[in-house]
file data03.cif (mmCIF, C-alpha atoms)
data_upload
#
loop_
_atom_site.group_PDB
_atom_site.id
_atom_site.type_symbol
_atom_site.label_atom_id
_atom_site.label_comp_id
_atom_site.auth_asym_id
_atom_site.auth_seq_id
_atom_site.Cartn_x
_atom_site.Cartn_y
_atom_site.Cartn_z
ATOM 1 C CA MET A 1 30.702 5.240 4.743
ATOM 2 C CA ARG A 2 28.774 3.723 1.868
ATOM 3 C CA ALA A 3 26.257 1.082 2.931
ATOM 4 C CA ARG A 4 23.540 -0.911 1.228
ATOM 5 C CA VAL A 5 20.329 -2.139 2.784
ATOM 6 C CA LEU A 6 18.553 -5.024 1.088
ATOM 7 C CA ILE A 7 14.863 -5.254 1.916
ATOM 8 C CA ARG A 8 12.699 -8.216 0.938
ATOM 9 C CA PRO A 9 9.274 -9.607 1.775
ATOM 10 C CA LYS A 10 9.317 -11.771 4.874
ATOM 11 C CA ALA A 11 9.272 -15.536 4.476
ATOM 12 C CA GLY A 12 5.745 -16.896 4.283
ATOM 13 C CA ILE A 13 4.216 -13.710 2.927
ATOM 14 C CA LEU A 14 2.864 -14.034 -0.578
ATOM 15 C CA ASP A 15 5.148 -12.171 -2.993
ATOM 16 C CA PRO A 16 3.202 -11.688 -6.240
ATOM 17 C CA GLN A 17 6.092 -9.802 -7.861
ATOM 18 C CA GLY A 18 8.445 -12.710 -7.212
ATOM 19 C CA GLN A 19 5.835 -15.177 -8.492
ATOM 20 C CA THR A 20 5.307 -13.194 -11.669
ATOM 21 C CA VAL A 21 9.039 -13.098 -12.395
ATOM 22 C CA GLU A 22 9.313 -16.801 -11.580
ATOM 23 C CA ARG A 23 6.588 -17.575 -14.111
ATOM 24 C CA ALA A 24 8.034 -15.260 -16.748
ATOM 25 C CA LEU A 25 11.547 -16.747 -16.811
ATOM 26 C CA PRO A 26 10.659 -20.239 -18.114
ATOM 27 C CA ALA A 27 8.473 -18.596 -20.768
ATOM 28 C CA LEU A 28 11.687 -16.983 -22.051
ATOM 29 C CA GLY A 29 13.579 -20.270 -21.966
ATOM 30 C CA PHE A 30 15.273 -19.785 -18.583
ATOM 31 C CA ASP A 31 14.401 -23.031 -16.824
ATOM 32 C CA GLY A 32 15.430 -24.154 -13.371
ATOM 33 C CA VAL A 33 14.652 -20.925 -11.519
ATOM 34 C CA THR A 34 12.693 -21.207 -8.271
ATOM 35 C CA ASN A 35 12.053 -19.291 -5.065
ATOM 36 C CA VAL A 36 12.172 -15.830 -6.667
ATOM 37 C CA HIS A 37 11.614 -12.867 -4.365
ATOM 38 C CA VAL A 38 11.614 -9.213 -5.381
ATOM 39 C CA GLY A 39 12.671 -6.614 -2.832
ATOM 40 C CA ARG A 40 14.338 -3.245 -2.910
ATOM 41 C CA LEU A 41 17.775 -1.799 -2.354
ATOM 42 C CA VAL A 42 18.602 1.343 -0.398
ATOM 43 C CA GLU A 43 22.115 2.732 -0.873
ATOM 44 C CA LEU A 44 23.327 5.404 1.481
ATOM 45 C CA ASP A 45 26.365 7.237 2.792
ATOM 46 C CA VAL A 46 26.264 7.065 6.556
ATOM 47 C CA GLU A 47 28.555 8.591 9.189
ATOM 48 C CA ASP A 48 27.664 6.136 11.924
ATOM 49 C CA PRO A 49 26.887 2.694 10.469
ATOM 50 C CA SER A 50 26.087 1.350 13.921
ATOM 51 C CA ARG A 51 22.792 3.246 13.684
ATOM 52 C CA LEU A 52 21.720 1.444 10.492
ATOM 53 C CA PRO A 53 19.682 -1.298 12.228
ATOM 54 C CA GLU A 54 17.782 1.412 14.097
ATOM 55 C CA MET A 55 17.122 3.246 10.799
ATOM 56 C CA CYS A 56 15.844 0.013 9.273
ATOM 57 C CA GLU A 57 13.458 -0.671 12.153
ATOM 58 C CA ALA A 58 12.156 2.919 12.253
ATOM 59 C CA LEU A 59 11.795 3.761 8.581
ATOM 60 C CA LEU A 60 13.597 1.846 5.855
ATOM 61 C CA ALA A 61 11.754 -1.440 6.423
ATOM 62 C CA ASN A 62 8.491 -2.470 8.050
ATOM 63 C CA PRO A 63 9.702 -5.327 10.264
ATOM 64 C CA LEU A 64 6.218 -6.857 10.333
ATOM 65 C CA ILE A 65 6.297 -7.634 6.613
ATOM 66 C CA GLU A 66 9.926 -7.190 5.521
ATOM 67 C CA ASP A 67 13.352 -8.586 6.356
ATOM 68 C CA TYR A 68 16.381 -6.394 5.898
ATOM 69 C CA GLU A 69 20.037 -7.079 5.466
ATOM 70 C CA ILE A 70 22.707 -4.428 5.897
ATOM 71 C CA GLU A 71 25.728 -4.758 3.632
ATOM 72 C CA SER A 72 28.757 -2.879 4.856
ATOM 73 C CA PRO A 73 32.072 -2.585 3.012
ATOM 74 C CA ALA A 74 34.773 -5.227 3.540
ATOM 75 C CA GLY A 75 35.917 -5.435 7.125
ATOM 76 C CA HIS A 76 32.528 -4.639 8.616
ATOM 77 C CA PRO A 77 30.240 -7.486 9.574
ATOM 78 C CA ALA A 78 26.876 -7.592 7.845
ATOM 79 C CA THR A 79 23.763 -7.240 9.956
ATOM 80 C CA GLN A 80 20.557 -9.057 9.235
ATOM 81 C CA SER A 81 17.136 -9.022 10.790
ATOM 82 C CA GLU A 82 16.177 -12.433 12.172
ATOM 83 C CA PRO A 83 18.990 -14.293 10.360
ATOM 84 C CA ASN A 84 17.266 -17.693 10.546
ATOM 85 C CA SER A 85 13.925 -16.635 9.166
ATOM 86 C CA ARG A 86 14.687 -17.485 5.544
ATOM 87 C CA HIS A 87 15.463 -20.810 3.996
ATOM 88 C CA PRO A 88 15.041 -22.390 0.573
ATOM 89 C CA GLY A 89 11.481 -23.241 -0.357
ATOM 90 C CA ASP A 90 10.156 -20.884 2.246
ATOM 91 C CA ARG A 91 7.170 -19.657 0.318
ATOM 92 C CA ASP A 92 3.961 -20.757 1.942
ATOM 93 C CA ARG A 93 1.534 -21.143 -0.921
ATOM 94 C CA SER A 94 -1.192 -22.305 1.415
ATOM 95 C CA ALA A 95 -1.201 -19.019 3.325
ATOM 96 C CA PRO A 96 -4.673 -17.544 3.738
ATOM 97 C CA GLY A 97 -5.511 -15.007 1.102
ATOM 98 C CA VAL A 98 -3.582 -16.728 -1.654
ATOM 99 C CA GLY A 99 -5.348 -17.257 -4.949
ATOM 100 C CA GLN A 100 -7.795 -14.427 -4.745
ATOM 101 C CA MET B 1 -20.080 16.777 16.670
ATOM 102 C CA LYS B 2 -17.049 18.014 14.774
ATOM 103 C CA PHE B 3 -14.778 15.945 12.541
ATOM 104 C CA GLY B 4 -11.186 16.938 11.824
ATOM 105 C CA VAL B 5 -9.950 15.593 8.486
ATOM 106 C CA LEU B 6 -6.171 15.497 7.965
ATOM 107 C CA ARG B 7 -4.557 16.828 4.816
ATOM 108 C CA PHE B 8 -1.068 15.601 3.885
ATOM 109 C CA PRO B 9 0.754 16.568 0.717
ATOM 110 C CA GLY B 10 -0.669 13.976 -1.685
ATOM 111 C CA SER B 11 -3.983 13.426 0.113
ATOM 112 C CA CYS B 12 -6.838 13.386 -2.381
ATOM 113 C CA ASP B 13 -9.968 12.246 -0.546
ATOM 114 C CA GLU B 14 -9.986 14.749 2.303
ATOM 115 C CA ARG B 15 -12.669 16.915 0.657
ATOM 116 C CA ASP B 16 -14.989 13.960 0.108
ATOM 117 C CA ALA B 17 -14.362 12.779 3.679
ATOM 118 C CA ALA B 18 -15.126 16.258 5.034
ATOM 119 C CA LEU B 19 -18.300 16.486 2.899
ATOM 120 C CA ALA B 20 -19.431 13.031 4.038
ATOM 121 C CA ALA B 21 -18.756 13.870 7.690
ATOM 122 C CA ALA B 22 -20.642 17.140 7.243
ATOM 123 C CA LYS B 23 -23.786 15.093 6.610
ATOM 124 C CA VAL B 24 -23.797 14.086 10.286
ATOM 125 C CA GLY B 25 -21.903 16.977 11.880
ATOM 126 C CA GLU B 26 -19.409 19.726 11.180
ATOM 127 C CA SER B 27 -16.050 19.121 9.598
ATOM 128 C CA GLU B 28 -12.746 20.914 9.285
ATOM 129 C CA ILE B 29 -9.573 20.166 7.326
ATOM 130 C CA LEU B 30 -6.433 19.903 9.497
ATOM 131 C CA TRP B 31 -3.007 20.649 7.993
ATOM 132 C CA HIS B 32 -0.251 18.061 8.393
ATOM 133 C CA GLN B 33 2.188 20.588 9.867
ATOM 134 C CA ASP B 34 -0.150 21.429 12.753
ATOM 135 C CA ARG B 35 1.044 20.164 16.104
ATOM 136 C CA GLU B 36 -2.235 20.266 17.975
ATOM 137 C CA ILE B 37 -5.752 19.091 17.254
ATOM 138 C CA PRO B 38 -8.227 21.937 17.872
ATOM 139 C CA GLY B 39 -10.051 21.478 21.171
ATOM 140 C CA ASP B 40 -13.494 21.432 19.541
ATOM 141 C CA VAL B 41 -12.685 18.457 17.289
ATOM 142 C CA ASP B 42 -14.440 15.282 18.497
ATOM 143 C CA ALA B 43 -13.235 12.786 15.894
ATOM 144 C CA ILE B 44 -10.354 12.495 13.412
ATOM 145 C CA ILE B 45 -10.410 11.116 9.877
ATOM 146 C CA VAL B 46 -7.153 10.172 8.161
ATOM 147 C CA PRO B 47 -8.223 10.268 4.505
ATOM 148 C CA GLY B 48 -7.249 8.433 1.356
ATOM 149 C CA GLY B 49 -4.720 9.512 -1.208
ATOM 150 C CA PHE B 50 -0.978 9.222 -1.662
ATOM 151 C CA SER B 51 0.491 10.949 1.389
ATOM 152 C CA TYR B 52 4.014 12.245 0.727
ATOM 153 C CA GLY B 53 3.861 10.411 -2.609
ATOM 154 C CA ASP B 54 3.775 7.101 -0.706
ATOM 155 C CA TYR B 55 7.535 7.056 -1.233
ATOM 156 C CA LEU B 56 9.401 4.128 0.305
ATOM 157 C CA ARG B 57 6.200 2.351 1.451
ATOM 158 C CA VAL B 58 2.570 3.413 1.617
ATOM 159 C CA GLY B 59 2.011 5.560 4.690
ATOM 160 C CA ALA B 60 5.623 5.241 5.863
ATOM 161 C CA ILE B 61 6.512 8.938 5.692
ATOM 162 C CA ALA B 62 3.146 10.413 6.738
ATOM 163 C CA ARG B 63 3.295 8.725 10.119
ATOM 164 C CA PHE B 64 6.205 11.017 11.047
ATOM 165 C CA SER B 65 4.360 14.248 10.184
ATOM 166 C CA PRO B 66 3.786 16.685 13.088
ATOM 167 C CA ILE B 67 -0.008 16.215 13.114
ATOM 168 C CA MET B 68 0.366 12.457 13.558
ATOM 169 C CA ALA B 69 1.981 12.909 16.982
ATOM 170 C CA ALA B 70 -1.152 14.815 17.986
ATOM 171 C CA VAL B 71 -3.368 12.102 16.443
ATOM 172 C CA GLU B 72 -1.510 9.452 18.457
ATOM 173 C CA ARG B 73 -2.158 11.374 21.692
ATOM 174 C CA PHE B 74 -5.797 11.876 20.677
ATOM 175 C CA ALA B 75 -6.173 8.141 19.962
ATOM 176 C CA ARG B 76 -4.438 7.007 23.141
ATOM 177 C CA THR B 77 -6.857 9.053 25.224
ATOM 178 C CA GLY B 78 -9.837 7.373 23.552
ATOM 179 C CA GLY B 79 -10.556 9.882 20.772
ATOM 180 C CA PRO B 80 -12.265 8.285 17.755
ATOM 181 C CA VAL B 81 -9.960 8.002 14.723
ATOM 182 C CA LEU B 82 -10.924 6.580 11.311
ATOM 183 C CA GLY B 83 -8.316 5.743 8.670
ATOM 184 C CA ILE B 84 -9.625 5.292 5.138
ATOM 185 C CA CYS B 85 -7.463 3.581 2.497
ATOM 186 C CA ASN B 86 -4.158 5.506 2.640
ATOM 187 C CA GLY B 87 -5.265 6.661 6.099
ATOM 188 C CA PHE B 88 -5.579 2.995 7.125
ATOM 189 C CA GLN B 89 -2.057 2.385 5.821
ATOM 190 C CA VAL B 90 -0.771 5.386 7.791
ATOM 191 C CA LEU B 91 -2.417 4.181 11.033
ATOM 192 C CA CYS B 92 -0.880 0.712 10.575
ATOM 193 C CA GLU B 93 2.571 2.223 9.981
ATOM 194 C CA ALA B 94 2.082 4.405 13.066
ATOM 195 C CA GLY B 95 1.336 1.323 15.150
ATOM 196 C CA LEU B 96 -2.139 2.581 16.076
ATOM 197 C CA LEU B 97 -3.644 -0.433 14.293
ATOM 198 C CA PRO B 98 -2.284 -3.973 13.986
ATOM 199 C CA GLY B 99 -1.020 -5.391 10.704
ATOM 200 C CA ALA B 100 0.079 -3.912 7.394
ATOM 201 C CA LEU B 101 -1.157 -3.427 3.836
ATOM 202 C CA LEU B 102 0.663 -5.183 0.992
ATOM 203 C CA PRO B 103 0.301 -4.853 -2.796
ATOM 204 C CA ASN B 104 -2.858 -6.472 -4.206
ATOM 205 C CA THR B 105 -2.172 -10.038 -5.315
ATOM 206 C CA SER B 106 -3.070 -8.913 -8.854
ATOM 207 C CA LEU B 107 -0.448 -6.113 -8.583
ATOM 208 C CA ARG B 108 -3.079 -3.936 -10.275
ATOM 209 C CA PHE B 109 -4.983 -0.834 -9.245
ATOM 210 C CA LEU B 110 -8.557 -1.828 -8.432
ATOM 211 C CA CYS B 111 -11.619 0.396 -8.509
ATOM 212 C CA ARG B 112 -14.941 -1.317 -7.897
ATOM 213 C CA GLN B 113 -17.968 -1.523 -5.648
ATOM 214 C CA VAL B 114 -17.654 -4.256 -2.990
ATOM 215 C CA GLU B 115 -20.008 -5.761 -0.427
ATOM 216 C CA LEU B 116 -18.861 -5.700 3.185
ATOM 217 C CA ASP B 117 -20.106 -7.681 6.182
ATOM 218 C CA VAL B 118 -20.084 -5.816 9.483
ATOM 219 C CA VAL B 119 -18.345 -8.146 11.937
ATOM 220 C CA SER B 120 -18.082 -5.911 14.997
ATOM 221 C CA THR B 121 -20.500 -3.188 16.061
ATOM 222 C CA GLU B 122 -18.508 -2.583 19.256
ATOM 223 C CA THR B 123 -16.320 0.129 17.735
ATOM 224 C CA ALA B 124 -16.736 3.902 17.695
ATOM 225 C CA TRP B 125 -17.200 3.798 13.908
ATOM 226 C CA THR B 126 -19.633 0.854 13.530
ATOM 227 C CA ARG B 127 -21.945 1.371 16.506
ATOM 228 C CA ALA B 128 -24.801 2.474 14.234
ATOM 229 C CA CYS B 129 -24.601 -0.762 12.216
ATOM 230 C CA ASP B 130 -26.362 -4.044 12.919
ATOM 231 C CA PRO B 131 -24.186 -7.125 13.428
ATOM 232 C CA GLY B 132 -23.916 -8.964 10.113
ATOM 233 C CA GLU B 133 -25.250 -5.969 8.202
ATOM 234 C CA ARG B 134 -24.184 -5.811 4.555
ATOM 235 C CA LEU B 135 -22.711 -2.518 3.292
ATOM 236 C CA SER B 136 -22.041 -1.590 -0.330
ATOM 237 C CA VAL B 137 -18.959 0.649 -0.559
ATOM 238 C CA PRO B 138 -16.339 1.189 -3.278
ATOM 239 C CA VAL B 139 -12.650 0.287 -3.082
ATOM 240 C CA LYS B 140 -9.886 1.947 -5.138
ATOM 241 C CA HIS B 141 -6.330 0.978 -4.337
ATOM 242 C CA THR B 142 -3.173 -0.827 -5.406
ATOM 243 C CA THR B 143 -1.887 -1.703 -1.937
ATOM 244 C CA GLY B 144 -4.848 -3.089 -0.030
ATOM 245 C CA ARG B 145 -3.943 -6.666 0.864
ATOM 246 C CA TYR B 146 -4.352 -6.755 4.619
ATOM 247 C CA TYR B 147 -1.812 -8.881 6.430
ATOM 248 C CA ALA B 148 -1.109 -9.698 10.052
ATOM 249 C CA PRO B 149 0.835 -12.685 11.399
ATOM 250 C CA GLU B 150 -1.306 -15.627 12.571
ATOM 251 C CA PRO B 151 -0.858 -15.031 16.349
ATOM 252 C CA VAL B 152 -1.865 -11.384 15.898
ATOM 253 C CA LEU B 153 -4.938 -12.435 13.886
ATOM 254 C CA GLU B 154 -5.982 -14.836 16.639
ATOM 255 C CA GLU B 155 -5.674 -12.101 19.212
ATOM 256 C CA MET B 156 -7.648 -9.675 17.013
ATOM 257 C CA GLU B 157 -10.359 -12.264 16.523
ATOM 258 C CA ALA B 158 -10.556 -12.878 20.280
ATOM 259 C CA HIS B 159 -10.871 -9.151 21.026
ATOM 260 C CA GLY B 160 -13.396 -8.322 18.312
ATOM 261 C CA GLN B 161 -10.866 -6.232 16.379
ATOM 262 C CA ILE B 162 -11.906 -7.549 12.977
ATOM 263 C CA VAL B 163 -14.535 -4.964 12.119
ATOM 264 C CA LEU B 164 -15.391 -5.519 8.450
ATOM 265 C CA ARG B 165 -14.872 -8.395 6.070
ATOM 266 C CA TYR B 166 -15.322 -8.503 2.315
ATOM 267 C CA ALA B 167 -18.474 -10.519 1.732
ATOM 268 C CA SER B 168 -17.963 -13.963 0.224
ATOM 269 C CA GLY B 169 -16.606 -13.564 -3.316
ATOM 270 C CA TYR B 170 -15.815 -9.856 -2.944
ATOM 271 C CA ASN B 171 -12.252 -9.959 -1.550
ATOM 272 C CA PRO B 172 -10.586 -7.843 -4.258
ATOM 273 C CA ASN B 173 -6.976 -7.852 -3.112
ATOM 274 C CA GLY B 174 -6.067 -11.097 -1.368
ATOM 275 C CA SER B 175 -6.516 -9.767 2.171
ATOM 276 C CA VAL B 176 -5.992 -12.424 4.816
ATOM 277 C CA ALA B 177 -9.289 -13.827 6.166
ATOM 278 C CA ASP B 178 -11.194 -11.416 3.858
ATOM 279 C CA ILE B 179 -10.409 -8.581 6.272
ATOM 280 C CA ALA B 180 -11.507 -5.156 5.010
ATOM 281 C CA GLY B 181 -11.361 -3.181 8.257
ATOM 282 C CA VAL B 182 -9.844 -3.532 11.716
ATOM 283 C CA ALA B 183 -9.869 -1.755 15.077
ATOM 284 C CA ASN B 184 -7.459 -1.282 17.944
ATOM 285 C CA ALA B 185 -8.195 -3.176 21.159
ATOM 286 C CA ALA B 186 -10.105 -0.231 22.636
ATOM 287 C CA GLY B 187 -12.318 0.102 19.538
ATOM 288 C CA ASN B 188 -11.829 3.860 19.125
ATOM 289 C CA VAL B 189 -9.382 3.574 16.204
ATOM 290 C CA VAL B 190 -10.671 1.907 13.038
ATOM 291 C CA GLY B 191 -9.088 1.545 9.613
ATOM 292 C CA LEU B 192 -10.544 0.195 6.379
ATOM 293 C CA MET B 193 -9.524 -0.002 2.735
ATOM 294 C CA PRO B 194 -12.994 0.677 1.240
ATOM 295 C CA HIS B 195 -14.139 4.296 0.962
ATOM 296 C CA PRO B 196 -17.287 5.023 3.017
ATOM 297 C CA GLU B 197 -16.975 8.713 2.079
ATOM 298 C CA HIS B 198 -17.716 7.793 -1.543
ATOM 299 C CA ALA B 199 -20.963 6.044 -0.548
ATOM 300 C CA VAL B 200 -23.010 8.823 1.044
ATOM 301 C CA ASP B 201 -25.244 9.946 -1.832
ATOM 302 C CA PRO B 202 -27.878 7.951 -3.765
ATOM 303 C CA LEU B 203 -26.450 9.465 -6.944
ATOM 304 C CA THR B 204 -23.343 7.290 -6.557
ATOM 305 C CA GLY B 205 -25.345 4.140 -5.930
ATOM 306 C CA SER B 206 -25.126 3.663 -2.163
ATOM 307 C CA VAL B 207 -25.472 5.618 1.063
ATOM 308 C CA ASP B 208 -24.182 2.772 3.234
ATOM 309 C CA GLY B 209 -20.954 4.627 3.999
ATOM 310 C CA LEU B 210 -22.881 7.165 6.045
ATOM 311 C CA LYS B 211 -23.342 4.535 8.761
ATOM 312 C CA LEU B 212 -19.682 4.856 9.768
ATOM 313 C CA PHE B 213 -19.815 8.629 10.145
ATOM 314 C CA ALA B 214 -23.158 8.421 11.926
ATOM 315 C CA SER B 215 -21.731 5.858 14.372
ATOM 316 C CA VAL B 216 -19.416 8.351 16.084
ATOM 317 C CA ALA B 217 -22.336 10.735 16.488
ATOM 318 C CA VAL B 218 -24.365 8.073 18.330
ATOM 319 C CA PRO B 219 -24.219 8.553 22.102
ATOM 320 C CA VAL B 220 -22.066 5.849 23.715
ATOM 321 C CA PRO B 221 -24.258 3.399 25.629
ATOM 322 C CA ALA B 222 -23.554 3.647 29.363
#

call {"tool": "encode", "arguments": {"input": "data03.cif", "output": "structure tokens"}}
result
Amino acid sequence: MRARVLIRPKAGILDPQGQTVERALPALGFDGVTNVHVGRLVELDVEDPSRLPEMCEALLANPLIEDYEIESPAGHPATQSEPNSRHPGDRDRSAPGVGQ
Amino acid sequence: MKFGVLRFPGSCDERDAALAAAKVGESEILWHQDREIPGDVDAIIVPGGFSYGDYLRVGAIARFSPIMAAVERFARTGGPVLGICNGFQVLCEAGLLPGALLPNTSLRFLCRQVELDVVSTETAWTRACDPGERLSVPVKHTTGRYYAPEPVLEEMEAHGQIVLRYASGYNPNGSVADIAGVANAAGNVVGLMPHPEHAVDPLTGSVDGLKLFASVAVPVPA
């Protein structure tokens, strides 16, 4: 079965890639874009999709710093790490270490 | 005193680490496919570089190499382990140290001399330092922004696990609370982003890095 795992920086962790993209878009005339986060996508064929969360925890993501979301084909429910951990405007710009 | 220095595919600082360690003892390179640490090795160094190409995430693949299982056993029985740069990242991924390393806020590779403040001298690798001592050591990395969640940081602070901080104005990468090096709760495992093995000869401007290697050779106070 084909599956996709979306991995993104956890809410509250400074995401300089996302910030850079967010700053670049208005410079190109694309206004009204906020809350940009850059993550990565892992696509894989998997015999037993029920083991995907385990794979994410062990290797594909580092749960301390990344959230993951497993996209399965139609008919299979999607799995997400800590589903309530993200919400609009989640970036904490006052986090220690910002602005170095 | 004998140091074992790991070599993964993609390691690049294992020779310098072995040469630096050889200034205070003997040293030997250990291959990543080995399953045991030789019985005469007293301390382990996980060196800098780009283990397994740093594919996926820095240090993520190396932690599953056969030698790392032996390093985990060695660490859990109190053996001194030092992770430098990529080695620090590997030890964090392996769960031997708290936290994780994220890309520098600048998203750029940095290579510069930094000043470090020794925060804890209660670890196997900083015993030879004075509290508050200033060390001049280079950094060279792209993924060196130390991060740990706030409750973990509080716990680390309470247990003296913050070992080194970038001196005021020297934090090169956006590390939380200026943290440059940390220890496990027992103090035998230490990781740091700066490279003490590149600061052991006056020719390169500083010999402050020697203090870390000398620390493990100091007899433990009873």

call {"tool": "residues_around", "arguments": {"input": "data03.cif", "residues": "Phe8 (chain B)", "least_positions_apart": "3", "cutoff": "9 Å", "atoms": "all atoms listed in the file", "output": "PyMOL selection string"}}
result
chain B and resi 11-12+30-33+47+49-52+62+65

call {"tool": "residues_around", "arguments": {"input": "data03.cif", "residues": "region 49-66 of chain A", "least_positions_apart": "5", "cutoff": "7 Å", "atoms": "all atoms listed in the file", "output": "MDAnalysis selection string"}}
result
(chainID A and resid 7:10) or (chainID B and resid 60)

call {"tool": "residues_around", "arguments": {"input": "data03.cif", "residues": "region 28-43 of chain A", "least_positions_apart": "2", "cutoff": "12 Å", "atoms": "only C-alpha atoms", "output": "JSON, numbers by chain"}}
result
{"A": [1, 2, 3, 4, 5, 6, 7, 8, 9, 10, 11, 12, 13, 14, 15, 16, 17, 18, 19, 20, 21, 22, 23, 24, 25, 26, 45, 46, 52, 55, 56, 59, 60, 61, 65, 66, 67, 68, 69, 70, 71, 72, 73, 86, 87, 88, 89, 90, 91, 92, 93], "B": [56, 57]}

call {"tool": "interface_residues", "arguments": {"input": "data03.cif", "of": "chain B", "to": "chain A", "cutoff": "6 Å", "atoms": "only C-alpha atoms", "output": "PDB file with C-alpha atoms, keeping the file's coordinate frame"}}
result
ATOM      1  CA  THR B 105      -2.172 -10.038  -5.315  1.00  0.00           C
ATOM      2  CA  GLY B 174      -6.067 -11.097  -1.368  1.00  0.00           C
ATOM      3  CA  SER B 175      -6.516  -9.767   2.171  1.00  0.00           C
ATOM      4  CA  VAL B 176      -5.992 -12.424   4.816  1.00  0.00           C
TER       5      VAL B 176
END

call {"tool": "residues_around", "arguments": {"input": "data03.cif", "residues": "region 75-87 of chain B", "least_positions_apart": "6", "cutoff": "7 Å", "atoms": "all atoms listed in the file", "output": "ChimeraX atom specification"}}
result
/B:43-50,59,124,188-195

call {"tool": "residues_around", "arguments": {"input": "data03.cif", "residues": "Glu28 (chain B)", "least_positions_apart": "4", "cutoff": "8 Å", "atoms": "all atoms listed in the file", "output": "VMD selection string"}}
result
chain B and resid 2 to 5 18

call {"tool": "write_last_selection", "arguments": {"input": "data03.cif", "atoms": "C-alpha atoms", "output": "JSON list (two decimals), in the frame of the given file"}}
result
[["chain", "number", "residue", "atom", "x", "y", "z"],
["B", 2, "LYS", "CA", -17.05, 18.01, 14.77],
["B", 3, "PHE", "CA", -14.78, 15.94, 12.54],
["B", 4, "GLY", "CA", -11.19, 16.94, 11.82],
["B", 5, "VAL", "CA", -9.95, 15.59, 8.49],
["B", 18, "ALA", "CA", -15.13, 16.26, 5.03]]

call {"tool": "atom_distance", "arguments": {"input": "data03.cif", "atom1": "CA of Leu97 (chain B)", "atom2": "CA of Ala183 (chain B)"}}
result
6.4 Å

call {"tool": "decode", "arguments": {"input": "data03.cif", "residues": "region 15-46 of chain A", "atoms": "C-alpha atoms", "output": "mmCIF file, in the first residue's frame"}}
result
data_model
loop_
_atom_site.group_PDB
_atom_site.id
_atom_site.type_symbol
_atom_site.label_atom_id
_atom_site.label_comp_id
_atom_site.auth_asym_id
_atom_site.auth_seq_id
_atom_site.Cartn_x
_atom_site.Cartn_y
_atom_site.Cartn_z
ATOM 1 C CA ASP A 15 11.202 27.375 11.878
ATOM 2 C CA PRO A 16 13.690 29.590 10.018
ATOM 3 C CA GLN A 17 12.904 27.921 6.682
ATOM 4 C CA GLY A 18 9.216 28.733 7.066
ATOM 5 C CA GLN A 19 10.056 32.301 8.115
ATOM 6 C CA THR A 20 12.315 32.804 5.124
ATOM 7 C CA VAL A 21 9.625 31.611 2.715
ATOM 8 C CA GLU A 22 7.046 33.761 4.498
ATOM 9 C CA ARG A 23 9.244 36.821 4.017
ATOM 10 C CA ALA A 24 10.051 35.982 0.405
ATOM 11 C CA LEU A 25 6.453 35.673 -0.826
ATOM 12 C CA PRO A 26 5.353 39.301 -0.273
ATOM 13 C CA ALA A 27 8.589 40.442 -1.930
ATOM 14 C CA LEU A 28 7.318 38.655 -5.056
ATOM 15 C CA GLY A 29 3.883 40.241 -4.780
ATOM 16 C CA PHE A 30 2.134 37.346 -3.017
ATOM 17 C CA ASP A 31 0.517 39.112 -0.075
ATOM 18 C CA GLY A 32 -1.682 37.626 2.608
ATOM 19 C CA VAL A 33 0.442 34.568 3.387
ATOM 20 C CA THR A 34 1.108 33.796 7.051
ATOM 21 C CA ASN A 35 2.059 30.901 9.305
ATOM 22 C CA VAL A 36 4.355 29.199 6.778
ATOM 23 C CA HIS A 37 6.054 25.999 7.905
ATOM 24 C CA VAL A 38 8.433 23.884 5.845
ATOM 25 C CA GLY A 39 8.609 20.158 6.522
ATOM 26 C CA ARG A 40 9.324 17.058 4.518
ATOM 27 C CA LEU A 41 7.389 14.296 2.832
ATOM 28 C CA VAL A 42 8.192 10.591 2.955
ATOM 29 C CA GLU A 43 6.384 8.404 0.416
ATOM 30 C CA LEU A 44 6.523 4.668 0.837
ATOM 31 C CA ASP A 45 4.969 1.374 -0.178
ATOM 32 C CA VAL A 46 4.146 -0.519 2.976
#
